[in-house]
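Participant: Have a look at the structure that comes next, please.
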Amino acid sequence: MPPRDETQTRSLTQDLLRRAHSPDSASRIYSDKIQHRPLFLKPSAPPPSTARDARRRARAEKKKRARALKPKPLSARERRSLQLHRLPKDGRKYAVFAPLNDLWIGYAREILAGELYTGGTGAAAKLAAADFHGAEVEVARSRCPSRVGVRGIVVRDSRFAFELVTRQNQVKTLPKEGTMFRVHVPAPRAAAPGQKPFSFEIHGDQFQHRSSDRANKKFKHHFLDKL
């Protein structure tokens, strides 16, 4: 004998079908699409484990442990508290960074290659994406007249400023906005006698990007109304 709840459900279903269909059609629909329709249930137990699944779980667990052991990058507040970008007093000397400037000159000669003597748009594109840590720059023009003529080796190239160490062993922070910098790249010793150094100027207003961001940035030509 079927349970009472099942009998009530069947009766309710048949009554609803009779309202929309004829008695013969309601009986046929009930028997074909409801009463004898199979109901597929998802098994509650997991499938039997295989060697392949075990290896996959082991790899996932290994990646999870590696991510847990990987140190997180320092925040800006932590970097300031640790003074990672602050030069020590005994290291604020021009002679300390002179070898770095020699390395940068070799780096500039390498990326410029033959354009070291010709210049042009190709050289401009390479220099726009170059790293200027170690370059010796000079302020050619500035809104602040007292900054004109300041020259030193770049020890920090931030987004909005160059930090230099001058020949007088002074640390100068020069904002890029409203400033034009001049850089000289001397010709190698194997060059022709009397070869002048390759000189170019940096428009600070268009150069307000971090060195890591400039590497993948495409600069476009703009009209500079401030020049």
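We name chains A, B, ... following the order of the structure tokens; residues begin at 1 in each chain, and ligands are numbered from 1 as shown.
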Can you tell me which residues surround range 131-141 of chain A at a distance of at most 9 Å, considering only C-alpha atoms, apart from same-chain residues fewer than 2 positions away, and format the answer as a PyMOL selection string?

Facilitator: chain A and resi 97-105+127-129+143-145+147-157+164+174+178-185+201+211-212+214-215

Participant: Quick one: pick out all alpha helix (DSSP H) residues within range 45-208 of chain A from a backbone DSSP run and write them as a PyMOL selection string.

Facilitator: chain A and resi 51-69+76-82+94-112+115-118+121-128

Participant: Output as a PyMOL selection string all residues of range 81-188 of chain A that backbone DSSP marks as strand (DSSP E).

Facilitator: chain A and resi 136-142+151-157+161-166+171-175+179-185

Participant: Taking N, CA, C and O atoms for each residue, export the selection above as a compact mmCIF listing (two decimals), in the first residue's frame.

Facilitator:
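As a result, result_19.txt now contains:
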```
# COMPACT_ATOMS: atom_id res chain seq x y z
N GLU A 136 74.55 60.60 -15.06
CA GLU A 136 74.89 61.93 -14.56
C GLU A 136 74.07 62.95 -15.34
O GLU A 136 74.25 63.12 -16.55
N VAL A 137 73.17 63.62 -14.65
CA VAL A 137 72.26 64.57 -15.29
C VAL A 137 72.54 65.97 -14.77
O VAL A 137 73.08 66.16 -13.68
N GLU A 138 72.16 66.92 -15.58
CA GLU A 138 72.34 68.33 -15.23
C GLU A 138 71.03 69.07 -15.53
O GLU A 138 70.37 68.81 -16.55
N VAL A 139 70.66 69.98 -14.65
CA VAL A 139 69.45 70.76 -14.85
C VAL A 139 69.75 71.85 -15.88
O VAL A 139 70.56 72.75 -15.63
N ALA A 140 69.11 71.75 -17.05
CA ALA A 140 69.32 72.74 -18.09
C ALA A 140 68.37 73.93 -17.95
O ALA A 140 68.77 75.08 -18.12
N ARG A 141 67.10 73.64 -17.65
CA ARG A 141 66.10 74.69 -17.45
C ARG A 141 65.16 74.26 -16.33
O ARG A 141 64.90 73.07 -16.15
N SER A 142 64.66 75.24 -15.60
CA SER A 142 63.76 74.94 -14.51
C SER A 142 62.95 76.17 -14.15
O SER A 142 63.36 77.31 -14.39
N ARG A 151 74.16 69.48 -10.92
CA ARG A 151 74.60 68.29 -11.67
C ARG A 151 75.02 67.20 -10.70
O ARG A 151 75.64 67.47 -9.67
N GLY A 152 74.67 65.97 -11.02
CA GLY A 152 75.03 64.86 -10.16
C GLY A 152 74.59 63.54 -10.75
O GLY A 152 73.98 63.47 -11.81
N ILE A 153 74.91 62.47 -10.03
CA ILE A 153 74.60 61.11 -10.44
C ILE A 153 73.26 60.71 -9.83
O ILE A 153 73.02 60.91 -8.64
N VAL A 154 72.40 60.15 -10.65
CA VAL A 154 71.08 59.73 -10.19
C VAL A 154 71.23 58.48 -9.32
O VAL A 154 71.73 57.45 -9.77
N VAL A 155 70.79 58.60 -8.07
CA VAL A 155 70.82 57.44 -7.17
C VAL A 155 69.41 56.90 -6.93
O VAL A 155 69.25 55.80 -6.42
N ARG A 156 68.41 57.70 -7.29
CA ARG A 156 67.03 57.22 -7.17
C ARG A 156 66.17 57.93 -8.22
O ARG A 156 66.16 59.16 -8.29
N ASP A 157 65.49 57.14 -9.02
CA ASP A 157 64.61 57.65 -10.07
C ASP A 157 63.18 57.28 -9.68
O ASP A 157 62.70 56.18 -9.97
N ALA A 161 60.48 62.65 -9.17
CA ALA A 161 61.71 63.37 -8.85
C ALA A 161 62.93 62.51 -9.14
O ALA A 161 62.85 61.26 -9.19
N PHE A 162 64.04 63.19 -9.37
CA PHE A 162 65.36 62.57 -9.44
C PHE A 162 66.11 62.91 -8.15
O PHE A 162 66.11 64.06 -7.71
N GLU A 163 66.75 61.92 -7.56
CA GLU A 163 67.59 62.15 -6.39
C GLU A 163 69.04 62.00 -6.82
O GLU A 163 69.44 60.94 -7.30
N LEU A 164 69.83 63.06 -6.67
CA LEU A 164 71.20 63.11 -7.18
C LEU A 164 72.20 63.22 -6.03
O LEU A 164 71.88 63.74 -4.96
N VAL A 165 73.39 62.76 -6.33
CA VAL A 165 74.56 63.01 -5.47
C VAL A 165 75.52 63.86 -6.27
O VAL A 165 76.02 63.43 -7.31
N THR A 166 75.76 65.08 -5.83
CA THR A 166 76.58 66.04 -6.57
C THR A 166 78.07 65.81 -6.28
O THR A 166 78.44 65.02 -5.40
N VAL A 171 73.25 65.57 -1.39
CA VAL A 171 72.11 64.86 -1.96
C VAL A 171 71.04 65.89 -2.30
O VAL A 171 70.58 66.64 -1.43
N LYS A 172 70.65 65.93 -3.58
CA LYS A 172 69.66 66.88 -4.06
C LYS A 172 68.46 66.11 -4.62
O LYS A 172 68.62 65.18 -5.42
N THR A 173 67.27 66.52 -4.21
CA THR A 173 66.04 65.96 -4.76
C THR A 173 65.44 66.99 -5.70
O THR A 173 65.00 68.06 -5.27
N LEU A 174 65.42 66.67 -6.98
CA LEU A 174 64.96 67.61 -8.01
C LEU A 174 63.65 67.11 -8.59
O LEU A 174 63.59 66.02 -9.16
N PRO A 175 62.57 67.87 -8.45
CA PRO A 175 61.29 67.44 -9.04
C PRO A 175 61.36 67.47 -10.56
O PRO A 175 62.01 68.34 -11.17
N THR A 179 60.97 71.00 -15.08
CA THR A 179 62.43 70.94 -15.15
C THR A 179 62.84 70.19 -16.41
O THR A 179 62.22 69.20 -16.79
N MET A 180 63.91 70.66 -17.02
CA MET A 180 64.50 69.98 -18.17
C MET A 180 65.92 69.56 -17.80
O MET A 180 66.72 70.36 -17.34
N PHE A 181 66.21 68.28 -18.01
CA PHE A 181 67.50 67.71 -17.65
C PHE A 181 68.31 67.43 -18.91
O PHE A 181 67.76 67.06 -19.94
N ARG A 182 69.62 67.60 -18.80
CA ARG A 182 70.52 67.31 -19.92
C ARG A 182 71.47 66.19 -19.49
O ARG A 182 72.00 66.19 -18.37
N VAL A 183 71.67 65.23 -20.40
CA VAL A 183 72.52 64.07 -20.14
C VAL A 183 73.53 63.95 -21.26
O VAL A 183 73.20 64.15 -22.44
N HIS A 184 74.77 63.64 -20.90
CA HIS A 184 75.85 63.45 -21.87
C HIS A 184 76.32 62.00 -21.82
O HIS A 184 76.55 61.45 -20.74
N VAL A 185 76.46 61.41 -22.99
CA VAL A 185 77.01 60.06 -23.11
C VAL A 185 78.29 60.16 -23.93
O VAL A 185 78.24 60.35 -25.15
```

Participant: Work out how far apart CA of Phe198 in chain A and CA of Asn216 in chain A are and give it in Å to one decimal.

Facilitator: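 Pair CA of Phe198 in chain A / CA of Asn216 in chain A returns 24.3 Å.
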
Participant: Hey, can you check how far CA of Ala95 in chain A sits from CA of Ala108 in chain A?

Facilitator: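 If I compute the distance from CA of Ala95 in chain A to CA of Ala108 in chain A, I get 20.4 Å.
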
Participant: For a test of reading the model, state the distance in Å between CA of Arg109 in chain A and CA of Ala130 in chain A, rounded to one decimal.

Facilitator: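 Distance between the two atoms: 11.5 Å.
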